[in-house]
Each structure stands twice: as structure tokens, then as C-alpha cells.
Protein chains: 2
Amino acid sequence: MPKRDSPKRKTGRKRPPTLTVQTEDYLERIQELLDRKGYARVSDIADQLSLTPSTVSNMVRRLAGQDLIEFENYRGLRLTSKGRAVAHRIQARHAILTEFLQVLGVDAADVGQDVEGIEHHISRSTLEAIDALTKTLRKHPLVLAEVIKRGGPG
Amino acid sequence: MPKRDSPKRKTGRKRPPTLTVQTEDYLERIQELLDRKGYARVSDIADQLSLTPSTVSNMVRRLAGQDLIEFENYRGLRLTSKGRAVAHRIQARHAILTEFLQVLGVDAADVGQDVEGIEHHISRSTLEAIDALTKTLRKHPLVLAEVIKRGGPG
DNA sequence: ATACAAAGTTTGTGTGCCAAAACTCTCTTA
DNA sequence: TAAGAGAGTTTTGGCACACAAACTTTGTAT
């Protein structure tokens with residue numbers, strides 16, 4: 001058996017005060033509900049995220065603990081400026097990525113899923129590149145057509 | 001307070017027999033190690049994923065439980081055809097996404113991170129579109145230049 | 001063969017996220 | 001102002017992962 005390459009061992013892994021994918025999802029949906037209906041209740045959020053109210057109720061407390069929302073039992077909730085910033089950032093990404101996939105002709109059914117999956121994992125650098133790319137593609141419909149006609153006529 | 005939109009409640013959320021992001025990561029790295037060195041030991045995997053050997057040792061057992069690898073204590077491990085299929089799928093995505101971001105001129109430092117983040121969350125439809133797009137862009141350097149020069153000089 | 005170092009495993013602990021069930025609160029509506 | 005319905009909360013439990021520490025196995029050098 002050959003020797004190992006490098007026996008280094010991590011002691012404690014990354015410690016971001018937990019701004020996880022879920023956290024971002026919650027904030028995004030809450031903001032969306034506030035925009036659309038003016039309020040965001042536990043049940044609404046639960047429906048949006050396909051979670052149970054108990055899950056949301058607990059989670060919401062954690063978000064409050066991170067100063068992302070303000071929250072009072074049985075009363076309701078609103079975003080702090082910090083939470084709003086996160087939500088808006090994610091929403092901007094959401095919009096840019098959605099546009100991109102739509103322009104590319106990705107199946108409508110997949111666009112939503114994919115965007116939700118990847119919007120939390122993209123650097124500013126990539127996001128900007130994709131944004132620019134989308135705009136450029138719009139200006140060059142012939143190039144775009146070349147991309148989309150891939151696979152030939154169904 | 002207004003009435004709720006729809007009081008429906010999910011009973012049991014999605015039940016994919018757990019093919020999680022981590023699972024895919026493990027398989028991807030194991031396959032990569034096998035390709036590169038011909039074997040994949042617990043420590044190798046641990047180093048690759050920046051985890052401790054105990055974590056990998058335990059996880060590997062779970063992968064075996066899902067018929068993704070075959071494994072014998074202290075002896076070694078290999079992928080099942082099922083595990084290999086997953087690994088290859090992820091590796092293909094990895095390659096396509098990496099190429100795409102590189103062509104777009106995304107900071108090299110970000111490419112790896114982003115790809116690792118998103119490769120687990122992309123539909124076939126999107127992947128094919130991106131693949132086609134990358135190829136098309138290569139054929140149209142002027143269009144590509146228009147994308148990349150975004151933001152102007154300095 | 002024996003002992004040692006390195007690799008691997010087991011065990012105990014902790015965190016995050018989720019759900020079910022039981023309980024509490026609030027808002028009607030009369 | 002007294003229910004009852006429905007929203008919200010708490011409690012309890014569970015799974016997926018991760019680590020550290022203690023332990024076992026394996027390969028190797030002598």
C-alpha cells in the first residue's frame with residue numbers, strides 16, 4: 001500500500017454564524033409574501049416552503065436570534081434591515097438566474113427548481129458574468145438561436 | 001387578519017431514499033481518487049473533503065447501506081455500478097459547469113466553489129442548455145468578448 | 001516474532017433541520 | 001362574554017452529518 005498524501009486534519013470546520021441555505025430560503029419567501037400580501041404568517045411560510053408549521057415556528061425563532069427578523073409570539077413577524085438585505089440579495093440572484101435559464105429555453109418546469117437550488121451557491125463574480133451574458137444573448141438572437149436549436153427539431 | 005390561502009398541510013415531505021449533496025460529493029471524490037490513484041482510502045477521502053477519518057468511516061458505511069459502494073472493514077472500498085453512475089453523472093456536470101464558468105471569465109478562485117455548490121442542483125435540461133451555450137460561445141469569440149469586457153476597463 | 005506507527009474504527013456528543021402530537025392562544029360570532 | 005375553530009407553539013423524537021477521543025487492526029521494521 002502506498003503512503004498517504006497529506007495527513008493534515010481539520011480541527012473545526014467552517015463557522016459562519018449559520019447563514020445557511022435554509023435561512024436564505026426563509027428570508028426570501030418571507031419577503032416575497034410581504035410584497036405580495038402584506039403579511040407573512042407561519043402557515044403561509046410553511047405552505048411556501050412545504051414545511052410544517054411547527055418547523056417554521058421553531059425556525060423563525062432562530063432567525064430572530066440572528067437579528068434577521070423581529071418576531072412576537074402569536075403576533076407576527078417582520079424583517080430587520082439585515083434580514084431584508086439578505087432577502088433582496090437572494091431575490092436579485094433569483095431574478096437574474098431565472099432570466100438566464102428562460103432565455104436559454106430551459107423547460108419551464110425545471111427553471112424554478114434549478115434556480116432555487118443554485119441561487120444560494122453563486123459568487124458575485126459568476127452572477128455578474130451570467131447577467132452580462134443574458135443581456136448579450138438578447139442582443140444576438142442568431143447566436144441564441146444556435147444554442148437553442150440544439151438537439152434538432154423535436 | 002385575512003384568511004389563509006390554503007390550509008393544506010404536507011404529511012411527509014419528500015422521501016428520496018437520501019441521495020443528498022454529501023452523498024454525491026463522497027461518490028464524486030471517491031471516483032476521482034480511483035481514477036487518479038487506483039484506490040480510495042478513508043484518509044484520502046477525508047483529505048479530499050476536509051473531513052476527519054471518523055466521519056468518513058461512518059459515512060462510508062451509510063453509502064454501503066445504500067448500495068452505492070462495497071466496503072469491507074480495514075480493507076478498502078469500491079463503487080457499485082449504482083455508485084459509479086452517480087459519480088459519473090456528477091463529474092459530467094462538474095466538467096460542463098467548470099468549462100462554462102471558465103469561458104465566461106469567472107475568477108478562477110470562484111469557479112471551483114461555485115461549481116461544487118451548484119452541480120448537485122441542476123436539471124438535465126439546464127445542463128444541456130449550458131453545454132450547448134458554452135460550445136456556441138466558443139464559436140463566437142466576438143460575442144464572448146462582449147460579455148467578458150463587461151464593467152469596462154478598470 | 002514483536003513492537004511500533006499509521007490507518008481505520010467505535011463511541012459519545014453536538015448541531016441543524018424536520019415532523020407529529022399535544023397544548024395554548026387569538027379571533028370570531030353570537 | 002363564552003365557546004369553538006383554527007393558527008401558532010412546545011415538546012419530543014429522529015435522521016444526517018460532523019468532530020474528538022479512545023481503541024483496534026494492519027503493515028513494517030527490526
# chains A, B, ... in the order shown; residues from 1 in each chain; ligands from 1
call {"tool": "residues_around", "arguments": {"residues": "Phe71 of chain A", "least_positions_apart": "6", "cutoff": "12 Å", "atoms": "only C-alpha atoms (C1' of nucleotides)", "output": "list of chain:residue names"}}
result
A:Ala40, A:Arg41, A:Val42, A:Ser57, A:Asn58, A:Met59, A:Val60, A:Arg61, A:Arg62, A:Leu63, A:Ala64, A:Gly65, A:Leu77, A:Arg78, A:Leu79, A:Thr80
call {"tool": "interface_residues", "arguments": {"of": "chain B", "to": "chain C", "cutoff": "8 Å", "atoms": "only C-alpha atoms (C1' of nucleotides)", "output": "PyMOL selection string"}}
result
chain B and resi 12+42-43+53-54+57+73-74
call {"tool": "closest_residue", "arguments": {"among": "B:Thr18, B:Thr126, B:Gln91, B:Ser81", "to": "chain D", "atoms": "only C-alpha atoms (C1' of nucleotides)"}}
result
B:Thr18
call {"tool": "closest_atom_pairs", "arguments": {"of": "chain D", "to": "chain B", "cutoff": "12 Å", "atoms": "only C-alpha atoms (C1' of nucleotides)", "output": "Markdown table"}}
result
| residue | atom | partner | partner_atom | distance |
| --- | --- | --- | --- | --- |
| D:DG6 | C1' | B:Pro7 | CA | 9.6 |
| D:DA7 | C1' | B:Arg4 | CA | 9.5 |
| D:DC15 | C1' | B:Thr18 | CA | 10.3 |
| D:DA16 | C1' | B:Thr18 | CA | 9.1 |
| D:DC17 | C1' | B:Thr55 | CA | 7.9 |
| D:DA18 | C1' | B:Thr55 | CA | 6.4 |
| D:DC19 | C1' | B:Thr52 | CA | 7.4 |
| D:DA20 | C1' | B:Ser54 | CA | 9.3 |
| D:DA21 | C1' | B:Ser54 | CA | 10.8 |
| D:DT24 | C1' | B:Tyr74 | CA | 10.0 |
| D:DT25 | C1' | B:Tyr74 | CA | 7.0 |
| D:DT26 | C1' | B:Tyr74 | CA | 7.8 |
| D:DG27 | C1' | B:Tyr74 | CA | 11.7 |
call {"tool": "write_last_selection", "arguments": {"atoms": "N, CA and C atoms (P, O5', C5', C4', C3', O3' and C1' of nucleotides)", "output": "short mmCIF file (atom, residue, chain, number, x, y, z; two decimals), in the first residue's frame"}}
result
data_model
loop_
_atom_site.label_atom_id
_atom_site.label_comp_id
_atom_site.auth_asym_id
_atom_site.auth_seq_id
_atom_site.Cartn_x
_atom_site.Cartn_y
_atom_site.Cartn_z
P DG D 6 -62.12 25.27 11.29
"O5'" DG D 6 -60.74 26.07 11.32
"C5'" DG D 6 -60.78 27.49 11.24
"C4'" DG D 6 -59.47 28.05 11.74
"C3'" DG D 6 -58.24 27.32 11.17
"O3'" DG D 6 -57.31 28.32 10.81
"C1'" DG D 6 -58.11 27.43 13.51
P DA D 7 -56.12 28.00 9.92
"O5'" DA D 7 -54.99 28.84 10.66
"C5'" DA D 7 -55.23 30.21 10.95
"C4'" DA D 7 -54.28 30.67 12.02
"C3'" DA D 7 -52.82 30.32 11.72
"O3'" DA D 7 -52.03 31.47 11.98
"C1'" DA D 7 -53.46 29.42 13.82
P DC D 15 -34.49 7.47 12.88
"O5'" DC D 15 -33.80 8.09 11.60
"C5'" DC D 15 -34.57 8.87 10.70
"C4'" DC D 15 -33.68 9.91 10.08
"C3'" DC D 15 -32.29 9.37 9.75
"O3'" DC D 15 -32.01 9.74 8.41
"C1'" DC D 15 -32.13 11.37 10.99
P DA D 16 -30.77 9.11 7.70
"O5'" DA D 16 -29.86 10.41 7.51
"C5'" DA D 16 -30.44 11.55 6.91
"C4'" DA D 16 -29.43 12.67 6.92
"C3'" DA D 16 -28.01 12.25 6.52
"O3'" DA D 16 -27.45 13.33 5.81
"C1'" DA D 16 -27.98 13.15 8.68
P DC D 17 -26.32 13.04 4.72
"O5'" DC D 17 -25.00 13.57 5.37
"C5'" DC D 17 -24.88 13.54 6.74
"C4'" DC D 17 -24.20 14.78 7.25
"C3'" DC D 17 -22.70 14.62 7.23
"O3'" DC D 17 -22.09 15.88 7.04
"C1'" DC D 17 -23.51 14.71 9.47
P DA D 18 -20.65 16.00 6.43
"O5'" DA D 18 -19.75 16.11 7.74
"C5'" DA D 18 -19.67 17.36 8.36
"C4'" DA D 18 -19.31 17.26 9.82
"C3'" DA D 18 -18.00 16.55 10.16
"O3'" DA D 18 -16.94 17.50 10.14
"C1'" DA D 18 -19.72 16.17 11.78
P DC D 19 -15.47 16.99 10.37
"O5'" DC D 19 -15.36 16.98 11.96
"C5'" DC D 19 -15.55 18.18 12.68
"C4'" DC D 19 -15.40 17.89 14.16
"C3'" DC D 19 -14.08 17.23 14.51
"O3'" DC D 19 -13.32 18.09 15.34
"C1'" DC D 19 -15.92 16.03 15.46
P DA D 20 -11.81 17.66 15.75
"O5'" DA D 20 -11.97 16.86 17.15
"C5'" DA D 20 -12.81 17.39 18.16
"C4'" DA D 20 -12.72 16.54 19.41
"C3'" DA D 20 -11.31 16.02 19.72
"O3'" DA D 20 -11.18 16.00 21.13
"C1'" DA D 20 -12.76 14.18 19.32
P DA D 21 -9.77 15.66 21.81
"O5'" DA D 21 -10.02 14.17 22.36
"C5'" DA D 21 -11.25 13.91 23.02
"C4'" DA D 21 -11.35 12.45 23.37
"C3'" DA D 21 -10.02 11.78 23.70
"O3'" DA D 21 -10.24 10.87 24.75
"C1'" DA D 21 -11.01 10.65 21.91
P DT D 24 -9.35 -2.23 22.09
"O5'" DT D 24 -9.28 -2.39 20.51
"C5'" DT D 24 -10.47 -2.37 19.76
"C4'" DT D 24 -10.15 -2.62 18.30
"C3'" DT D 24 -9.27 -3.82 18.04
"O3'" DT D 24 -9.85 -4.53 16.96
"C1'" DT D 24 -8.32 -1.91 17.04
P DT D 25 -9.28 -5.95 16.54
"O5'" DT D 25 -8.55 -5.64 15.15
"C5'" DT D 25 -9.28 -4.98 14.14
"C4'" DT D 25 -8.31 -4.48 13.09
"C3'" DT D 25 -7.37 -5.56 12.55
"O3'" DT D 25 -7.69 -5.73 11.19
"C1'" DT D 25 -6.22 -3.52 13.00
P DT D 26 -6.89 -6.78 10.28
"O5'" DT D 26 -5.71 -5.89 9.71
"C5'" DT D 26 -6.02 -4.65 9.10
"C4'" DT D 26 -4.76 -3.99 8.60
"C3'" DT D 26 -3.76 -4.95 7.96
"O3'" DT D 26 -3.43 -4.43 6.70
"C1'" DT D 26 -2.69 -3.62 9.61
P DG D 27 -2.50 -5.28 5.69
"O5'" DG D 27 -1.11 -4.50 5.82
"C5'" DG D 27 -1.10 -3.11 5.56
"C4'" DG D 27 0.25 -2.54 5.91
"C3'" DG D 27 1.43 -3.27 5.27
"O3'" DG D 27 2.34 -2.27 4.82
"C1'" DG D 27 1.70 -3.23 7.62
#
call {"tool": "closest_atom_pairs", "arguments": {"of": "chain A", "to": "chain B", "cutoff": "6 Å", "atoms": "only C-alpha atoms", "output": "tab-separated table"}}
result
residue	atom	partner	partner_atom	distance
A:Val106	CA	B:Thr126	CA	5.6
A:Asp114	CA	B:Ile122	CA	5.3
A:Gly117	CA	B:His121	CA	5.0
A:Ile118	CA	B:Ile118	CA	5.1
A:His121	CA	B:Gly117	CA	5.0
A:Ile122	CA	B:Asp114	CA	5.3
A:Ser125	CA	B:Val106	CA	5.8
A:Thr126	CA	B:Val106	CA	5.6
A:Ala132	CA	B:Val147	CA	5.6
A:Leu133	CA	B:Val147	CA	5.4
A:Val147	CA	B:Leu133	CA	5.4
call {"tool": "write_last_selection", "arguments": {"atoms": "C-alpha atoms", "output": "CSV table (one decimal), in the first residue's frame"}}
result
chain,number,residue,atom,x,y,z
A,106,VAL,CA,-34.8,25.6,-20.3
A,114,ASP,CA,-32.9,24.8,-10.6
A,117,GLY,CA,-31.2,25.0,-6.0
A,118,ILE,CA,-28.4,27.2,-7.2
A,121,HIS,CA,-24.3,28.9,-4.2
A,122,ILE,CA,-23.2,31.5,-6.6
A,125,SER,CA,-18.3,37.1,-10.0
A,126,THR,CA,-20.4,34.3,-11.6
A,132,ALA,CA,-23.9,40.2,-18.7
A,133,LEU,CA,-24.3,37.0,-20.7
A,147,VAL,CA,-27.8,27.5,-28.8
call {"tool": "atom_distance", "arguments": {"atom1": "atom CA of Arg138 of chain B", "atom2": "atom CA of Glu99 of chain B"}}
result
10.6 Å
call {"tool": "select_by_dssp", "arguments": {"residues": "segment 77-108 of chain B", "states": "helix (DSSP H, G or I)", "output": "VMD selection string"}}
result
chain B and resid 81 to 103 108
call {"tool": "write_last_selection", "arguments": {"atoms": "C-alpha atoms", "output": "compact mmCIF listing (two decimals), in the first residue's frame"}}
result
# COMPACT_ATOMS: atom_id res chain seq x y z
CA SER B 81 -22.42 0.28 -10.64
CA LYS B 82 -25.10 2.37 -8.99
CA GLY B 83 -22.50 4.44 -7.18
CA ARG B 84 -20.45 4.75 -10.30
CA ALA B 85 -23.46 6.04 -12.19
CA VAL B 86 -24.00 8.76 -9.62
CA ALA B 87 -20.32 9.67 -9.59
CA HIS B 88 -20.14 9.91 -13.34
CA ARG B 89 -23.24 11.99 -13.54
CA ILE B 90 -21.84 14.46 -11.06
CA GLN B 91 -18.45 14.51 -12.71
CA ALA B 92 -20.01 15.24 -16.06
CA ARG B 93 -21.89 18.13 -14.55
CA HIS B 94 -18.77 19.30 -12.86
CA ALA B 95 -16.89 19.39 -16.12
CA ILE B 96 -19.61 21.14 -18.06
CA LEU B 97 -20.15 23.77 -15.41
CA THR B 98 -16.46 24.38 -14.92
CA GLU B 99 -15.96 24.90 -18.62
CA PHE B 100 -18.86 27.25 -18.76
CA LEU B 101 -17.65 29.45 -15.95
CA GLN B 102 -14.13 29.45 -17.27
CA VAL B 103 -15.27 30.51 -20.70
CA ALA B 108 -10.58 31.21 -11.11
call {"tool": "calpha_fit_rmsd", "arguments": {"fixed": "chain B", "moving": "chain A"}}
result
0.4 Å
call {"tool": "select_by_dssp", "arguments": {"residues": "chain A", "states": "strand (DSSP E)", "output": "PyMOL selection string"}}
result
chain A and resi 69-72+76-79
call {"tool": "atom_distance", "arguments": {"atom1": "atom CA of Asp25 of chain A", "atom2": "atom CA of Glu70 of chain A"}}
result
16.7 Å
